[in-house]
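Here's the structure we're looking at; comments come further down.
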There are 2 protein chains.
Amino acid sequence: MPVTIYDVAREAGVSMATVSRVVNGNPNVKPMTRKKVLGAIERLGYRPNAVARGLASKKTTTVGVIIPDISSLFFSELARGIEDIATMYKYNIILCNSDQRLEKELQLINTLLEKQVDGLLFMGAEIKEDHLQALTSTQVPTVLAATRDADNKLPSVTIDHYQAAYDATEALIQRGHKRIGMITGPMSDPLGGLMRFEGYKQALKDAGISLDEALVAGGNLFYESGLSHTKEFLQLKEPPTAIFAANDEMAIGAIHAVQDSGLHVPNDVEVIGHDNIRLTEMVRPRLTSVVQPMYDIGAVAMRLLTKYMNNEHVEEHVVLLPHRIEYRESTKPDQA
Amino acid sequence: MPVTIYDVAREAGVSMATVSRVVNGNPNVKPMTRKKVLGAIERLGYRPNAVARGLASKKTTTVGVIIPDISSLFFSELARGIEDIATMYKYNIILCNSDQRLEKELQLINTLLEKQVDGLLFMGAEIKEDHLQALTSTQVPTVLAATRDADNKLPSVTIDHYQAAYDATEALIQRGHKRIGMITGPMSDPLGGLMRFEGYKQALKDAGISLDEALVAGGNLFYESGLSHTKEFLQLKEPPTAIFAANDEMAIGAIHAVQDSGLHVPNDVEVIGHDNIRLTEMVRPRLTSVVQPMYDIGAVAMRLLTKYMNNEHVEEHVVLLPHRIEYRESTKPDQA
DNA sequence: CTGTTAGCGCATTCAG
DNA sequence: CTGAATGCGCTAACAG
């Protein structure tokens, strides 16, 4: 029923090889015959079968994307960066949600490899031995986006989470705060959880401020979590005068908790978030946040992947994108 | 290099047909030989090539998803519903952003058909003749999610936008408001734009309130738009005492504009949004909103698509999901 | 510049 | 219950 390359060849009075050539833009075709072929294609409404093409050429122009949760503000922005660059390089994306469950992640890797994707883009938290094994036992190039494996065995694109958290904490310290609360992410996440916490601790230490366990809360990255932990903070005898949250959603929860208790942000409590998602502009006061360029991370990761898929030379397997702090109204104007 | 079905056959001492049978769960295989084959598969680390399978079977267990913008709060939630159900039915998703540009949409449809997707899920605003033509000229089943074509030629899953807007406006009227502002979506969008506006107008009409053009603003669905239009509203001699925004982001902008001008929500101005995205819970006051069940729309659309792909009988091509209003603090407690 | 010939890896008749 | 044979639609040498 569907028209094949063979039908076109017959219609145009040439061989299928020639049709294949014009379809693939091969220059070794006389303009005249090219025209004939194009005419036949048009007349017949020929549409090349990418599956057959993939089987014959061993390339599918498709990359697999494993992402924790596409409905997350953070990851959906990342995904957009990935998709835009993929489109630019003529790739399509098979998108899979993993919910960060190891078993599902491994199964997805397998499924995507079965589908013969030309490359793999992986997002998640901790990269375990199982991941490494699954990802390195294949010829298909893989890039980690917004994650990194401990030994940097795989190419990755991230920011320096440790330094970012350090900077945020230091900024608070320089504003004169001694009691700085932190709402962390899950410690099972080496970067977004552990590293940011480490950066926080080190900044305190370097400033000669001893860590107060009461000012550290383990959040789950959701709004509610920021809300409730901040409420607890505020019930301390000596509540924090500043809060650093491991992501923006929790930071916004923190702002609201402060406001709900009749206090003022930033006058009574200053708040800094992390990631700089679009929400930061949609709160009052607007949220100061550490910029993690999600879109760029996705875009750069995809770009990097195209190089691997293309066997191009890559100088740096592990790329760190710059971060900075975007100051808004949840912190007081600079003291300077 | 990669191990094929043929290698497995040799290793197991059977024919490739038999291997194919066990891989595909065909019951006509003696348990004993099945075991042999499974053993060989295990030993060789055989991974079926889905592309070859697709070529031979004419099924790819992949569906194409065309979405305006995956980084949107609204669509990413929809996408999650789609993907979850797709996974449940063993399908993978090729995700493409269209930015609602007609040309790109048509091109994406074509690309996805080239890739031999088993089905197509389309999201967008207006369904034009071009779309219809591209989508109906193929055997590949298509379902529209959160959109509908004017003549219901294509299967679709939506809510009744007209009625939803009517209900929201009526709710405001019943709270005693006479001057109700509306920030609409783009009128190029028949449902989210036009229909919601029509519902608003009809509700006013039914209540004997004449439409005041000054209280209608054409928004673009973004936060900034809600903010700026509401500022303009508040500068009128007789500003609105209530605002209905065509989506939540603009509604939140409206809240902030009211607050920025020193007024109070809901005491001075009541605000109702639309869609009930997660953000509604992350503002102060929390936003009352018309519930459009994005996740469910995606899930139901995907489920519907599986039926078509499976040649199952479908009773209702055009499904309308229920809507309701979720009352929060941007409206006053019920007058009842 | 063009045609011929082989597969790509697998599902699927059809026999047996 | 199993094997042999065929072809899905296309790319990729290889000739010419």
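Residue numbers start at 1 in each chain; chains themselves are named A, B, ... in the order of the structure tokens; ligands are numbered from 1 in the order shown.
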Check: which chain A residues lie within 10 Å of chain C using only C-alpha atoms (C1' of nucleotides), as an mmCIF file with N, CA, C and O atoms, in the first residue's frame:
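Result file is selection-v5.cif:
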```cif
data_model
loop_
_atom_site.group_PDB
_atom_site.id
_atom_site.type_symbol
_atom_site.label_atom_id
_atom_site.label_comp_id
_atom_site.auth_asym_id
_atom_site.auth_seq_id
_atom_site.Cartn_x
_atom_site.Cartn_y
_atom_site.Cartn_z
ATOM 1 N N VAL A 14 14.408 4.966 -13.330
ATOM 2 C CA VAL A 14 15.809 4.836 -12.904
ATOM 3 C C VAL A 14 15.899 3.684 -11.915
ATOM 4 O O VAL A 14 14.900 3.017 -11.647
ATOM 5 N N SER A 15 17.079 3.461 -11.402
ATOM 6 C CA SER A 15 17.215 2.384 -10.413
ATOM 7 C C SER A 15 16.962 2.928 -9.011
ATOM 8 O O SER A 15 17.027 4.139 -8.767
ATOM 9 N N MET A 16 16.693 2.024 -8.091
ATOM 10 C CA MET A 16 16.424 2.463 -6.719
ATOM 11 C C MET A 16 17.655 3.123 -6.103
ATOM 12 O O MET A 16 17.540 3.989 -5.236
ATOM 13 N N ALA A 17 18.815 2.696 -6.579
ATOM 14 C CA ALA A 17 20.031 3.310 -6.053
ATOM 15 C C ALA A 17 20.032 4.806 -6.326
ATOM 16 O O ALA A 17 20.393 5.620 -5.474
ATOM 17 N N THR A 18 19.603 5.139 -7.507
ATOM 18 C CA THR A 18 19.574 6.553 -7.873
ATOM 19 C C THR A 18 18.555 7.314 -7.023
ATOM 20 O O THR A 18 18.831 8.430 -6.560
ATOM 21 N N PRO A 27 25.515 14.096 -4.210
ATOM 22 C CA PRO A 27 25.720 15.018 -5.333
ATOM 23 C C PRO A 27 25.960 14.297 -6.664
ATOM 24 O O PRO A 27 25.860 14.910 -7.719
ATOM 25 N N ASN A 28 26.282 13.008 -6.601
ATOM 26 C CA ASN A 28 26.591 12.298 -7.838
ATOM 27 C C ASN A 28 25.344 11.905 -8.618
ATOM 28 O O ASN A 28 25.106 10.726 -8.891
ATOM 29 N N VAL A 29 24.553 12.887 -8.932
ATOM 30 C CA VAL A 29 23.360 12.626 -9.734
ATOM 31 C C VAL A 29 23.217 13.773 -10.733
ATOM 32 O O VAL A 29 23.294 14.936 -10.364
ATOM 33 N N LYS A 30 23.024 13.417 -11.968
ATOM 34 C CA LYS A 30 22.851 14.451 -12.991
ATOM 35 C C LYS A 30 21.592 15.254 -12.669
ATOM 36 O O LYS A 30 20.550 14.662 -12.339
ATOM 37 N N THR A 33 18.326 13.907 -14.123
ATOM 38 C CA THR A 33 17.698 12.717 -13.532
ATOM 39 C C THR A 33 17.205 13.037 -12.131
ATOM 40 O O THR A 33 16.183 12.533 -11.696
ATOM 41 N N ALA A 52 13.432 1.255 7.810
ATOM 42 C CA ALA A 52 14.232 0.503 6.841
ATOM 43 C C ALA A 52 15.594 1.160 6.684
ATOM 44 O O ALA A 52 16.635 0.507 6.656
ATOM 45 N N ARG A 53 15.554 2.444 6.623
ATOM 46 C CA ARG A 53 16.790 3.179 6.506
ATOM 47 C C ARG A 53 17.710 2.902 7.698
ATOM 48 O O ARG A 53 18.911 2.717 7.550
ATOM 49 N N GLY A 54 17.097 2.877 8.847
ATOM 50 C CA GLY A 54 17.871 2.631 10.054
ATOM 51 C C GLY A 54 18.493 1.252 10.058
ATOM 52 O O GLY A 54 19.631 1.071 10.482
ATOM 53 N N LEU A 55 17.748 0.312 9.573
ATOM 54 C CA LEU A 55 18.257 -1.058 9.554
ATOM 55 C C LEU A 55 19.445 -1.159 8.598
ATOM 56 O O LEU A 55 20.460 -1.778 8.902
ATOM 57 N N ALA A 56 19.304 -0.524 7.462
ATOM 58 C CA ALA A 56 20.357 -0.621 6.455
ATOM 59 C C ALA A 56 21.588 0.210 6.825
ATOM 60 O O ALA A 56 22.713 -0.205 6.581
ATOM 61 N N SER A 57 21.355 1.348 7.402
ATOM 62 C CA SER A 57 22.484 2.253 7.650
ATOM 63 C C SER A 57 23.033 2.157 9.061
ATOM 64 O O SER A 57 24.076 2.715 9.364
ATOM 65 N N LYS A 58 22.291 1.494 9.920
ATOM 66 C CA LYS A 58 22.684 1.388 11.326
ATOM 67 C C LYS A 58 22.734 2.748 12.016
ATOM 68 O O LYS A 58 23.547 2.975 12.915
#
```
Assign secondary structure with DSSP using the backbone only, and return the residues of range 9-206 of chain B in helix (DSSP H, G or I) as an MDAnalysis selection string.
chainID B and resid 9:12 16:23 31:44 50:57 73:88 102:114 129:136 161:174 190:206
Please report as a PyMOL selection string which residues of chain A come no farther than 6 Å from chain B, using only C-alpha atoms.
chain A and resi 48-52+55+71+76-77+80+93-95+114-115
Grab the residues selected above and save them as an mmCIF file, in the first residue's frame with N, CA, C and O atoms.
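Now in part05.cif:
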```cif
data_model
loop_
_atom_site.group_PDB
_atom_site.id
_atom_site.type_symbol
_atom_site.label_atom_id
_atom_site.label_comp_id
_atom_site.auth_asym_id
_atom_site.auth_seq_id
_atom_site.Cartn_x
_atom_site.Cartn_y
_atom_site.Cartn_z
ATOM 1 N N PRO A 48 10.069 8.403 2.653
ATOM 2 C CA PRO A 48 11.080 7.389 2.995
ATOM 3 C C PRO A 48 10.756 6.714 4.321
ATOM 4 O O PRO A 48 10.282 7.359 5.254
ATOM 5 N N ASN A 49 11.015 5.447 4.387
ATOM 6 C CA ASN A 49 10.777 4.683 5.616
ATOM 7 C C ASN A 49 12.037 4.709 6.477
ATOM 8 O O ASN A 49 13.042 4.064 6.175
ATOM 9 N N ALA A 50 11.965 5.454 7.557
ATOM 10 C CA ALA A 50 13.146 5.638 8.397
ATOM 11 C C ALA A 50 13.567 4.364 9.103
ATOM 12 O O ALA A 50 14.727 4.202 9.465
ATOM 13 N N VAL A 51 12.638 3.465 9.296
ATOM 14 C CA VAL A 51 12.981 2.208 9.961
ATOM 15 C C VAL A 51 13.854 1.359 9.042
ATOM 16 O O VAL A 51 14.897 0.846 9.448
ATOM 17 N N ALA A 52 13.432 1.255 7.810
ATOM 18 C CA ALA A 52 14.232 0.503 6.841
ATOM 19 C C ALA A 52 15.594 1.160 6.684
ATOM 20 O O ALA A 52 16.635 0.507 6.656
ATOM 21 N N LEU A 55 17.748 0.312 9.573
ATOM 22 C CA LEU A 55 18.257 -1.058 9.554
ATOM 23 C C LEU A 55 19.445 -1.159 8.598
ATOM 24 O O LEU A 55 20.460 -1.778 8.902
ATOM 25 N N SER A 71 7.615 16.376 34.271
ATOM 26 C CA SER A 71 6.678 17.395 34.753
ATOM 27 C C SER A 71 7.326 18.317 35.785
ATOM 28 O O SER A 71 6.717 19.261 36.252
ATOM 29 N N SER A 76 11.964 19.834 32.930
ATOM 30 C CA SER A 76 11.307 20.147 31.672
ATOM 31 C C SER A 76 12.081 21.232 30.929
ATOM 32 O O SER A 76 12.133 21.245 29.706
ATOM 33 N N GLU A 77 12.698 22.099 31.696
ATOM 34 C CA GLU A 77 13.512 23.155 31.079
ATOM 35 C C GLU A 77 14.758 22.539 30.445
ATOM 36 O O GLU A 77 15.169 22.891 29.346
ATOM 37 N N ARG A 80 13.927 20.849 27.258
ATOM 38 C CA ARG A 80 13.741 21.764 26.142
ATOM 39 C C ARG A 80 15.076 22.104 25.503
ATOM 40 O O ARG A 80 15.190 22.201 24.283
ATOM 41 N N ILE A 93 14.042 12.628 19.619
ATOM 42 C CA ILE A 93 14.266 12.274 21.011
ATOM 43 C C ILE A 93 13.223 11.263 21.486
ATOM 44 O O ILE A 93 12.028 11.493 21.307
ATOM 45 N N ILE A 94 13.678 10.175 22.049
ATOM 46 C CA ILE A 94 12.733 9.304 22.748
ATOM 47 C C ILE A 94 12.843 9.640 24.219
ATOM 48 O O ILE A 94 13.901 9.501 24.824
ATOM 49 N N LEU A 95 11.767 10.124 24.775
ATOM 50 C CA LEU A 95 11.762 10.659 26.133
ATOM 51 C C LEU A 95 11.193 9.637 27.107
ATOM 52 O O LEU A 95 10.087 9.120 26.897
ATOM 53 N N GLU A 114 17.832 -1.304 22.599
ATOM 54 C CA GLU A 114 17.110 -2.173 21.659
ATOM 55 C C GLU A 114 16.590 -1.364 20.480
ATOM 56 O O GLU A 114 16.612 -1.819 19.348
ATOM 57 N N LYS A 115 16.144 -0.181 20.787
ATOM 58 C CA LYS A 115 15.608 0.665 19.718
ATOM 59 C C LYS A 115 16.711 1.285 18.877
ATOM 60 O O LYS A 115 16.457 2.090 17.993
#
```
Assign secondary structure with DSSP using the backbone only, and return the residues of range 58-300 of chain B in strand (DSSP E or B) as a ChimeraX atom specification.
/B:62-67,92-97,119-122,142-145,156-159,180-184,216-218,242-245,270-275,288-291
Any idea which chain D residues end up within 8 Å of chain B if we count only C-alpha atoms (C1' of nucleotides), as a ChimeraX atom specification please?
/D:1-3,8-9
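Straight-line separation from CA of Asp130 in chain B to CA of Glu316 in chain B: 24.3 Å.
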Compile the contact shell of range 225-241 of chain B as a short mmCIF file (atom, residue, chain, number, x, y, z; two decimals) with C-alpha atoms, in the first residue's frame: residues with an atom at most 7 Å away, counting only C-alpha atoms (C1' of nucleotides), same-chain residues fewer than 4 positions apart removed.
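The resulting file, selection_11.cif, is shown below:
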```cif
data_model
loop_
_atom_site.label_atom_id
_atom_site.label_comp_id
_atom_site.auth_asym_id
_atom_site.auth_seq_id
_atom_site.Cartn_x
_atom_site.Cartn_y
_atom_site.Cartn_z
CA HIS B 177 -19.46 41.25 41.50
CA ARG B 179 -17.34 44.53 37.34
CA ILE B 180 -15.49 41.42 36.42
CA GLY B 181 -12.33 41.75 34.43
CA ILE B 183 -7.59 38.47 30.91
CA LEU B 215 -12.50 45.08 31.42
CA ALA B 217 -7.58 42.35 28.08
CA GLY B 219 -3.12 38.27 27.43
CA ASN B 220 -0.43 35.93 26.16
CA LEU B 221 -0.68 33.36 28.95
CA MET B 250 -1.63 35.26 34.39
CA ALA B 251 -3.88 34.97 37.41
CA GLY B 253 0.39 38.00 37.84
CA ALA B 254 -2.98 39.57 38.55
CA HIS B 256 0.69 40.41 42.43
CA ALA B 257 -0.42 43.47 40.53
CA ASP B 268 -10.51 44.21 47.32
CA VAL B 269 -10.23 42.06 44.26
CA GLU B 270 -11.07 38.40 43.88
#
```
Could you name the residues that touch Ala145 in chain B at 9 Å or less, counting only C-alpha atoms (C1' of nucleotides), but leaving out those on the same chain fewer than 6 positions away, as a list in words?
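The contact residues come out as Leu78, Leu121, Phe122, Met123, Gly124, Pro155, Ser156, Val157, Thr158, Ile297, Gly298, Val300, Ala301 and Met302 of chain B.
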Taken to one decimal, the CA of Ser289 in chain B-CA of Arg328 in chain B distance is 7.8 Å
Compare A:Met294, A:Ala299, A:Ile243, A:Leu305 by their minimum atom-to-atom distance to Thr331 in chain A, counting only C-alpha atoms, and give me the closest one.
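Of all the options, A:Ile243 lies closest to Thr331 in chain A.
The gap separating CA of Leu287 in chain B from CA of Ile272 in chain B is 6.7 Å, in Å to one decimal.
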